[in-house]
Structures are given as C-alpha cells and as structure tokens.
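Q: Sharing entry.cif below, mmCIF, C-alpha atoms:
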data_model
loop_
_atom_site.label_atom_id
_atom_site.label_comp_id
_atom_site.auth_asym_id
_atom_site.auth_seq_id
_atom_site.Cartn_x
_atom_site.Cartn_y
_atom_site.Cartn_z
CA MET X 265 -0.64 1.01 -6.70
CA ASN X 266 -2.65 0.63 -9.87
CA ILE X 267 -5.23 -1.92 -8.80
CA PRO X 268 -8.91 -2.67 -9.27
CA TYR X 269 -11.23 -1.20 -6.66
CA ASP X 270 -13.80 -3.93 -6.20
CA GLU X 271 -14.99 -6.12 -3.37
CA GLY X 272 -13.47 -9.23 -4.90
CA PHE X 273 -10.05 -7.63 -4.64
CA ARG X 274 -10.31 -6.57 -0.96
CA ARG X 275 -7.88 -9.16 0.36
CA LEU X 276 -5.20 -8.39 -2.19
CA TYR X 277 -5.76 -4.64 -1.75
CA LEU X 278 -5.00 -5.02 1.94
CA ALA X 279 -2.07 -7.32 1.14
CA TYR X 280 -0.49 -4.66 -1.07
CA ILE X 281 -0.89 -1.99 1.61
CA VAL X 282 0.55 -4.18 4.35
CA GLY X 283 3.35 -5.65 2.24
CA LEU X 284 4.55 -2.34 0.85
CA THR X 285 4.35 -0.69 4.27
CA GLN X 286 6.34 -3.51 5.82
CA LEU X 287 9.05 -2.96 3.23
CA GLY X 288 9.28 0.65 4.39
CA LEU X 289 7.51 2.06 1.35
CA GLU X 290 4.57 4.44 1.48
CA PRO X 291 1.69 3.13 -0.63
CA ARG X 292 -0.11 5.63 -2.82
CA ALA X 293 -3.22 5.17 -4.90
CA THR X 294 -5.64 7.45 -6.69
CA LEU X 295 -7.92 6.83 -3.70
CA GLY X 296 -5.58 8.75 -1.48
CA ILE X 297 -5.52 11.92 -3.53
CA PRO X 298 -7.87 14.76 -2.58
CA GLY X 299 -10.65 15.29 -5.07
CA GLY X 300 -11.40 18.35 -7.13
CA GLU X 301 -9.07 17.82 -10.06
CA ARG X 302 -9.92 15.89 -13.14
CA ARG X 303 -9.29 12.23 -12.46
CA LEU X 304 -6.81 11.79 -15.28
CA ASP X 305 -4.76 14.74 -14.02
CA ARG X 306 -4.70 13.18 -10.57
CA ILE X 307 -3.48 9.90 -11.98
CA LEU X 308 -0.72 11.56 -13.99
CA ALA X 309 0.38 13.61 -10.99
CA LEU X 310 0.46 10.48 -8.86
CA ILE X 311 2.60 8.58 -11.38
CA GLN X 312 5.04 11.48 -11.60
CA SER X 313 5.33 11.74 -7.82
CA CYS X 314 6.17 8.06 -7.28
CA ARG X 315 9.53 6.35 -7.74
CA TYR X 316 7.94 2.93 -8.23
CA SER X 317 4.59 1.62 -9.39
CA ILE X 318 2.79 -1.70 -9.30
CA HIS X 319 0.19 -2.43 -11.94
CA ASP X 320 -2.03 -5.36 -11.08
CA LEU X 321 -3.49 -6.73 -14.31
CA SER X 322 -5.18 -9.72 -12.72
CA ARG X 323 -8.69 -8.33 -13.24
CA VAL X 324 -9.10 -9.00 -16.94
CA GLN X 325 -12.47 -10.71 -16.95
CA LEU X 326 -15.79 -9.02 -17.77
CA ASP X 327 -17.44 -7.43 -14.74
CA ARG X 328 -20.87 -8.57 -13.55
CA ASN X 329 -22.73 -5.30 -13.94
CA PRO X 330 -24.49 -4.65 -17.24
CA PRO X 331 -23.31 -3.72 -19.75
CA ARG X 332 -20.58 -6.27 -19.10
CA THR X 333 -17.18 -4.85 -19.97
CA PRO X 334 -13.55 -5.59 -19.19
CA ARG X 335 -11.69 -3.11 -16.98
CA PHE X 336 -9.43 -0.92 -19.08
CA ASN X 337 -8.27 1.39 -16.29
CA MET X 338 -5.31 -0.68 -15.13
CA PRO X 339 -3.75 -1.27 -18.57
CA PHE X 340 -4.46 2.34 -19.53
CA GLU X 341 -2.66 3.63 -16.42
CA LEU X 342 0.17 1.18 -17.06
CA GLY X 343 0.51 2.70 -20.55
CA LEU X 344 0.68 6.19 -19.07
CA THR X 345 3.37 5.00 -16.67
CA VAL X 346 5.45 3.27 -19.32
CA GLY X 347 5.33 6.46 -21.41
CA TRP X 348 6.39 8.58 -18.43
CA ALA X 349 9.22 6.18 -17.55
CA LYS X 350 10.47 6.07 -21.15
CA LEU X 351 10.51 9.86 -21.39
CA ASN X 352 12.23 10.22 -18.01
CA PRO X 353 14.87 7.47 -17.82
CA GLY X 354 16.00 6.47 -14.36
CA GLN X 355 13.18 8.24 -12.58
CA HIS X 356 10.57 5.52 -12.40
CA SER X 357 10.46 1.72 -12.17
CA TRP X 358 7.22 -0.08 -12.89
CA PHE X 359 6.14 -3.65 -12.17
CA VAL X 360 3.30 -5.70 -13.57
CA PHE X 361 1.62 -8.14 -11.23
CA GLU X 362 -0.72 -10.86 -12.45
CA ALA X 363 -2.57 -13.78 -10.91
CA ARG X 364 -1.89 -16.26 -13.69
CA ALA X 365 1.31 -17.11 -15.49
CA ARG X 366 1.49 -16.39 -19.22
CA ARG X 367 -1.89 -14.59 -19.28
CA VAL X 368 -0.31 -11.15 -19.81
CA GLN X 369 1.36 -12.48 -22.92
CA LYS X 370 -2.17 -12.98 -24.29
CA SER X 371 -4.00 -10.01 -22.76
CA LEU X 372 -1.22 -7.47 -23.35
CA SER X 373 1.24 -8.89 -25.86
CA ASP X 374 2.96 -5.50 -26.19
CA LEU X 375 4.71 -6.47 -22.95
CA ASP X 376 6.33 -9.51 -24.54
CA GLY X 377 9.86 -9.84 -23.26
CA SER X 378 8.90 -8.53 -19.83
CA ASP X 379 8.31 -10.90 -16.93
CA PRO X 380 5.30 -10.07 -14.77
CA ASN X 381 5.26 -11.00 -11.09
CA ILE X 382 2.74 -13.81 -10.65
CA HIS X 383 0.93 -13.71 -7.29
CA ASP X 384 -1.52 -16.56 -7.96
CA GLY X 385 -4.38 -14.42 -6.68
CA THR X 386 -3.34 -15.06 -3.07
CA VAL X 387 -2.30 -12.78 -0.24
CA GLU X 388 0.85 -14.80 0.32
CA GLY X 389 1.63 -14.57 -3.38
CA VAL X 390 1.34 -10.79 -3.29
CA MET X 391 3.73 -10.67 -0.29
CA ARG X 392 6.18 -13.01 -2.02
CA GLU X 393 6.18 -11.02 -5.26
CA ILE X 394 6.50 -7.68 -3.47
CA CYS X 395 9.59 -9.11 -1.77
CA ASN X 396 10.91 -10.27 -5.13
CA ALA X 397 10.36 -6.85 -6.70
CA PHE X 398 11.62 -4.66 -3.86
CA VAL X 399 14.82 -5.64 -2.11
CA ARG X 400 16.14 -4.12 1.07
CA SER X 401 19.35 -4.77 2.94
CA ARG X 402 19.26 -7.99 4.95
CA ALA X 403 18.84 -6.15 8.28
CA ALA X 404 15.71 -4.34 7.12
CA ARG X 405 14.22 -7.13 5.03
CA PRO X 406 10.94 -8.57 6.36
CA SER X 407 10.08 -12.21 5.72
CA VAL X 408 6.87 -13.32 4.06
CA PRO X 409 5.64 -14.99 7.32
CA GLU X 410 6.24 -11.69 9.16
CA MET X 411 4.23 -9.88 6.52
CA MET X 412 1.46 -12.47 6.75
CA ARG X 413 1.26 -11.99 10.53
CA THR X 414 0.80 -8.25 10.05
CA TYR X 415 -1.75 -8.86 7.33
CA ARG X 416 -3.81 -11.17 9.54
CA GLY X 417 -3.70 -8.67 12.40
CA ILE X 418 -4.94 -5.80 10.21
CA SER X 419 -7.45 -8.02 8.43
CA ARG X 420 -9.05 -8.87 11.78
CA LYS X 421 -9.42 -5.15 12.52
CA LEU X 422 -10.61 -4.12 9.07
CA ASP X 423 -14.31 -3.85 9.95
CA GLU X 424 -13.49 -1.87 13.08
CA ILE X 425 -11.23 0.52 11.16
CA THR X 426 -13.91 0.98 8.50
CA ALA X 427 -16.63 1.54 11.10
CA ALA X 428 -14.51 4.01 13.08
CA ALA X 429 -14.20 6.16 9.96
CA GLY X 430 -17.91 5.85 9.19
CA ALA X 431 -17.02 4.53 5.77
CA ARG X 432 -19.04 2.16 3.62
CA SER X 433 -16.16 0.74 1.63
CA VAL X 434 -12.48 0.04 2.12
CA TYR X 435 -11.88 1.89 -1.14
CA GLU X 436 -12.67 5.31 0.27
CA ALA X 437 -9.75 7.75 0.48
CA ARG X 438 -9.95 8.07 4.26
CA ILE X 439 -9.87 4.32 4.77
CA PHE X 440 -6.88 3.98 2.48
CA ASP X 441 -4.96 6.43 4.66
CA ASP X 442 -6.22 4.71 7.81
CA LEU X 443 -5.09 1.32 6.58
CA CYS X 444 -1.63 2.62 5.66
CA PHE X 445 -1.26 4.10 9.13
CA ALA X 446 -2.76 1.07 10.89
CA ALA X 447 -0.39 -1.23 9.03
CA LYS X 448 2.56 0.93 10.05
CA ALA X 449 1.33 0.95 13.67
CA ALA X 450 1.05 -2.84 13.70
CA ILE X 451 4.52 -3.23 12.20
CA SER X 452 6.09 -0.75 14.61
CA GLN X 453 4.61 -2.66 17.51
CA ALA X 454 6.09 -6.00 16.46
CA MET J 141 9.58 -3.27 -16.43
CA GLY J 142 11.87 -3.67 -13.46
CA ARG J 143 12.74 -7.20 -12.34
CA SER J 144 13.80 -6.02 -8.91
CA VAL J 145 14.97 -2.80 -7.36
CA THR J 146 17.05 -2.24 -4.26
CA ILE J 147 15.49 0.21 -1.88
CA THR J 148 17.88 2.34 0.10
CA THR J 149 15.54 5.03 1.37
CA PRO J 150 15.17 5.10 5.16
CA ILE J 151 12.17 3.36 6.65
CA PRO J 152 9.79 6.08 7.85
CA THR J 153 8.72 6.13 11.48
CA LEU J 154 5.10 5.89 12.53
CA GLU J 155 5.13 9.58 13.37
CA GLU J 156 6.47 10.45 9.91
CA VAL J 157 3.80 8.33 8.26
CA GLY J 158 1.08 10.05 10.30
CA LYS J 159 2.44 13.46 9.32
CA ARG J 160 2.76 12.51 5.66
CA LEU J 161 -0.87 11.39 5.68
CA ASN J 162 -1.83 14.67 7.34
CA MET J 163 -3.57 12.83 10.16
CA SER J 164 -4.53 14.44 13.42
CA LYS J 165 -2.98 13.01 16.58
CA ALA J 166 -6.48 12.02 17.73
CA ARG J 167 -7.08 9.99 14.60
CA GLN J 168 -3.65 8.37 14.88
CA GLN J 169 -4.38 7.51 18.49
CA ARG J 170 -7.75 5.99 17.61
CA LEU J 171 -6.16 3.77 14.97
CA ILE J 172 -3.34 2.72 17.27
CA GLU J 173 -5.89 1.76 19.91
CA ILE J 174 -7.77 -0.34 17.36
CA VAL J 175 -4.62 -2.07 16.14
CA ARG J 176 -2.75 -2.48 19.41
CA GLY J 177 -5.28 -1.83 22.14
CA SER J 178 -5.19 1.18 24.49
CA ARG J 179 -1.84 2.27 25.88
CA ASN J 180 -2.81 5.04 28.27
CA GLY J 181 -2.64 7.68 25.59
CA GLN J 182 1.01 7.05 24.84
CA LEU J 183 2.11 6.18 21.35
CA SER J 184 5.17 4.00 21.42
CA GLU J 185 7.32 2.86 18.58
CA ARG J 186 10.46 0.81 18.16
CA ARG J 187 12.60 1.52 15.15
CA ARG J 188 14.91 -1.14 13.84
CA ASN J 189 18.20 -1.07 15.73
CA VAL J 190 17.00 1.83 17.88
CA SER J 191 15.70 1.00 21.33
CA GLY J 192 12.95 2.90 23.04
CA SER J 193 12.08 5.46 20.36
CA LEU J 194 8.94 7.09 21.68
CA PHE J 195 6.67 9.89 20.81
CA GLU J 196 3.88 11.05 23.04
CA SER J 197 0.42 12.28 22.28
CA LYS J 198 -0.73 15.68 23.54
CA LYS J 199 -3.00 13.84 25.94
CA SER J 200 -0.16 11.97 27.66
CA LYS J 201 2.02 15.11 27.67
CA ARG J 202 -0.78 17.00 29.45
CA ALA J 203 -1.17 14.15 31.94
CA ALA J 204 2.56 14.14 32.62
CA THR J 205 2.68 17.86 33.39
CA ARG J 206 -0.22 17.70 35.82
#
Mind turning the file's structure into structure tokens?
A:
Amino acid sequence: MNIPYDEGFRRLYLAYIVGLTQLGLEPRATLGIPGGERRLDRILALIQSCRYSIHDLSRVQLDRNPPRTPRFNMPFELGLTVGWAKLNPGQHSWFVFEARARRVQKSLSDLDGSDPNIHDGTVEGVMREICNAFVRSRAARPSVPEMMRTYRGISRKLDEITAAAGARSVYEARIFDDLCFAAKAAISQA
Amino acid sequence: MGRSVTITTPIPTLEEVGKRLNMSKARQQRLIEIVRGSRNGQLSERRRNVSGSLFESKKSKRAATR
C-alpha cells in the first residue's frame, strides 16, 4: 500500500487494510517495516517483496503545514514500482487508485493509456475498486457489503485498539500490524 | 498498470497472519478480545469450507490440562 499517512486519510487507510485482508491478501506498508535502514532502502525492499501494489494518488493538493507543498512520496514510489515491474516482467502488478476521474491524466500524464481505479474518496469506493482489481474464485469472493460490515466493526474498535497499544496515531507500525490482525480476526469470526 | 488480477494464493488463517506479523499469543488474544469480546481464552476460527478449525492459546491449553 502506497498511501498518504495523514489524519484526513484515516478512513480510507482502514478501508484498504480491511478490504485487502478480506480478499485474503496480507497488506504491507512502509509503516510495518522495522526501522534502522534508510527509508528509501526499506521502500525498495518492500516493493520487491510484494506481488501486487496499490498506489493511491488521491492526495495531490497542497498540505496545510507551511511551507505548503504537494506530496511527492506516492508518485515517487509509484515510479520506483513501475521501474521494478518493467525490469522484472511478470513479477509485479501495480494499480493506481484515485478519488476523482480523469485527474491522474492531468497530475501524472505519463500514465496516459492506463485506467486508474476511481474510489470517489469513499470507503465503499475503496472496497469496490479493490474487488475490481483483485479477483478471487466465486467461493472465496467477498461482497462489498460484507467488507463494509467488517470495516464498520473495526472502525468502532479503532480507538480501543490504538489505546491498547499505547499509540498516538493509527500510522504507527505497531498499530498497522494490530489493525491487520484485528481485521483478520473479525473476518474469521463472521 | 494491471486492470485486474486473479488471486489464487490460499487465504491465510488467523494463526498464520499472527505468525507472519510476529505477534505474541498474548497480543493476539488481546486484539481478539477487543474485536470479538472475550472467549474464555480460546481463539476460534472458521476457515471457508472447513468446519470447526480451532487453535488454542497457551492459557486455555493450561486450563484444559488442570
């Protein structure tokens, strides 16, 4: 998951974790990697270790903190991934997710000819587009309403999970792992 | 960019996910209690098309041997 780590993205962050877990995938993010190495090395290692990647380019506006800048991390990491996938055919599939239709054509015209998955900035949209991108056999395929039920269950417990870990933010490595496990536990119970 | 991919890898069990995340049983138990509510120390899981797949925590194993 190549996504922005900010409070405004919390709902969609949780949606990605729940949706991917419900599809039987194991979400990974730079958050979940132990520290110590140079960040760029961690990102490259993460890309190389994953069969699939999702790059959410919906955060293209300037941030609020001075000096106001756009976020280049997501498109930069997408570029690294595209390079890796081109050099290693058949080893990696990448997907671009966006909130608004046709915006990528303006913000990243190098991707012209590719169709991003448009989630409309909603949790349900993320679930829908995850299901469109990743297909399982009919017997193992969750529905979007099933995924939404899991999402709502985990969302209700989010503060408790964060507090139990003594974390300040959902974007801490420990919480990322906890949310992946909690999502799996909720799904296994259903 | 992929339009869609078909996933054929097996769906991991809860136990496998816990192991992969290198989580202690105590931490797994705490999270399960938060998500599902307490279940007397027993972690239960149903896999698709497999009935009654269970794994037990050390706590419940100890209780069972007493």
Q: For chain X, which residues have at least one atom within 9 Å of chain J, if we go by all atoms listed in the file? Write them as a VMD selection string, please.
A: chain X and resid 287 to 290 296 346 357 to 360 375 378 to 381 395 to 401 403 to 404 417 to 418 421 424 to 425 428 441 to 450 452 to 454
Q: Enter the distance from CA of Gly347 (chain X) to CA of Leu308 (chain X), in Å, rounded to one decimal.
A: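 According to the coordinates, CA of Gly347 (chain X) and CA of Leu308 (chain X) are separated by 10.8 Å.
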Q: Just give me the gap between CA of Cys314 (chain X) and CA of Gln355 (chain X) in Å, one decimal is fine.
A: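 Answer for the CA of Cys314 (chain X) to CA of Gln355 (chain X) separation: 8.8 Å.
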Q: Would you write out, as a tab-separated table (two decimals) with C-alpha atoms, in the frame of the given file, every residue that the PyMOL selection byres ((chain X and resi 318-327) around 9) captures in this file?
A:
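Dumped everything to part28.tsv:
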chain	number	residue	atom	x	y	z
X	265	MET	CA	-0.64	1.01	-6.70
X	266	ASN	CA	-2.65	0.63	-9.87
X	267	ILE	CA	-5.23	-1.92	-8.80
X	268	PRO	CA	-8.91	-2.67	-9.27
X	273	PHE	CA	-10.05	-7.63	-4.64
X	316	TYR	CA	7.94	2.93	-8.23
X	317	SER	CA	4.59	1.62	-9.39
X	328	ARG	CA	-20.87	-8.57	-13.55
X	329	ASN	CA	-22.73	-5.30	-13.94
X	330	PRO	CA	-24.49	-4.65	-17.24
X	331	PRO	CA	-23.31	-3.72	-19.75
X	332	ARG	CA	-20.58	-6.27	-19.10
X	333	THR	CA	-17.18	-4.85	-19.97
X	334	PRO	CA	-13.55	-5.59	-19.19
X	335	ARG	CA	-11.69	-3.11	-16.98
X	336	PHE	CA	-9.43	-0.92	-19.08
X	338	MET	CA	-5.31	-0.68	-15.13
X	339	PRO	CA	-3.75	-1.27	-18.57
X	341	GLU	CA	-2.66	3.63	-16.42
X	342	LEU	CA	0.17	1.18	-17.06
X	357	SER	CA	10.46	1.72	-12.17
X	358	TRP	CA	7.22	-0.08	-12.89
X	359	PHE	CA	6.14	-3.65	-12.17
X	360	VAL	CA	3.30	-5.70	-13.57
X	361	PHE	CA	1.62	-8.14	-11.23
X	362	GLU	CA	-0.72	-10.86	-12.45
X	363	ALA	CA	-2.57	-13.78	-10.91
X	364	ARG	CA	-1.89	-16.26	-13.69
X	367	ARG	CA	-1.89	-14.59	-19.28
X	368	VAL	CA	-0.31	-11.15	-19.81
X	371	SER	CA	-4.00	-10.01	-22.76
X	385	GLY	CA	-4.38	-14.42	-6.68
Q: Find the distance between CA of Val434 (chain X) and CA of Arg416 (chain X) and write it in Å to one decimal.
A: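 Going from CA of Val434 (chain X) over to CA of Arg416 (chain X), I get 16.0 Å.
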Q: I'd like the residues picked by the PyMOL selection byres ((chain X and resi 274) around 12) written out as a PyMOL selection string, using the chain letters and numbers from the file.
A: chain X and resi 267-273+275-281+385-387+419+422-423+433-435+440
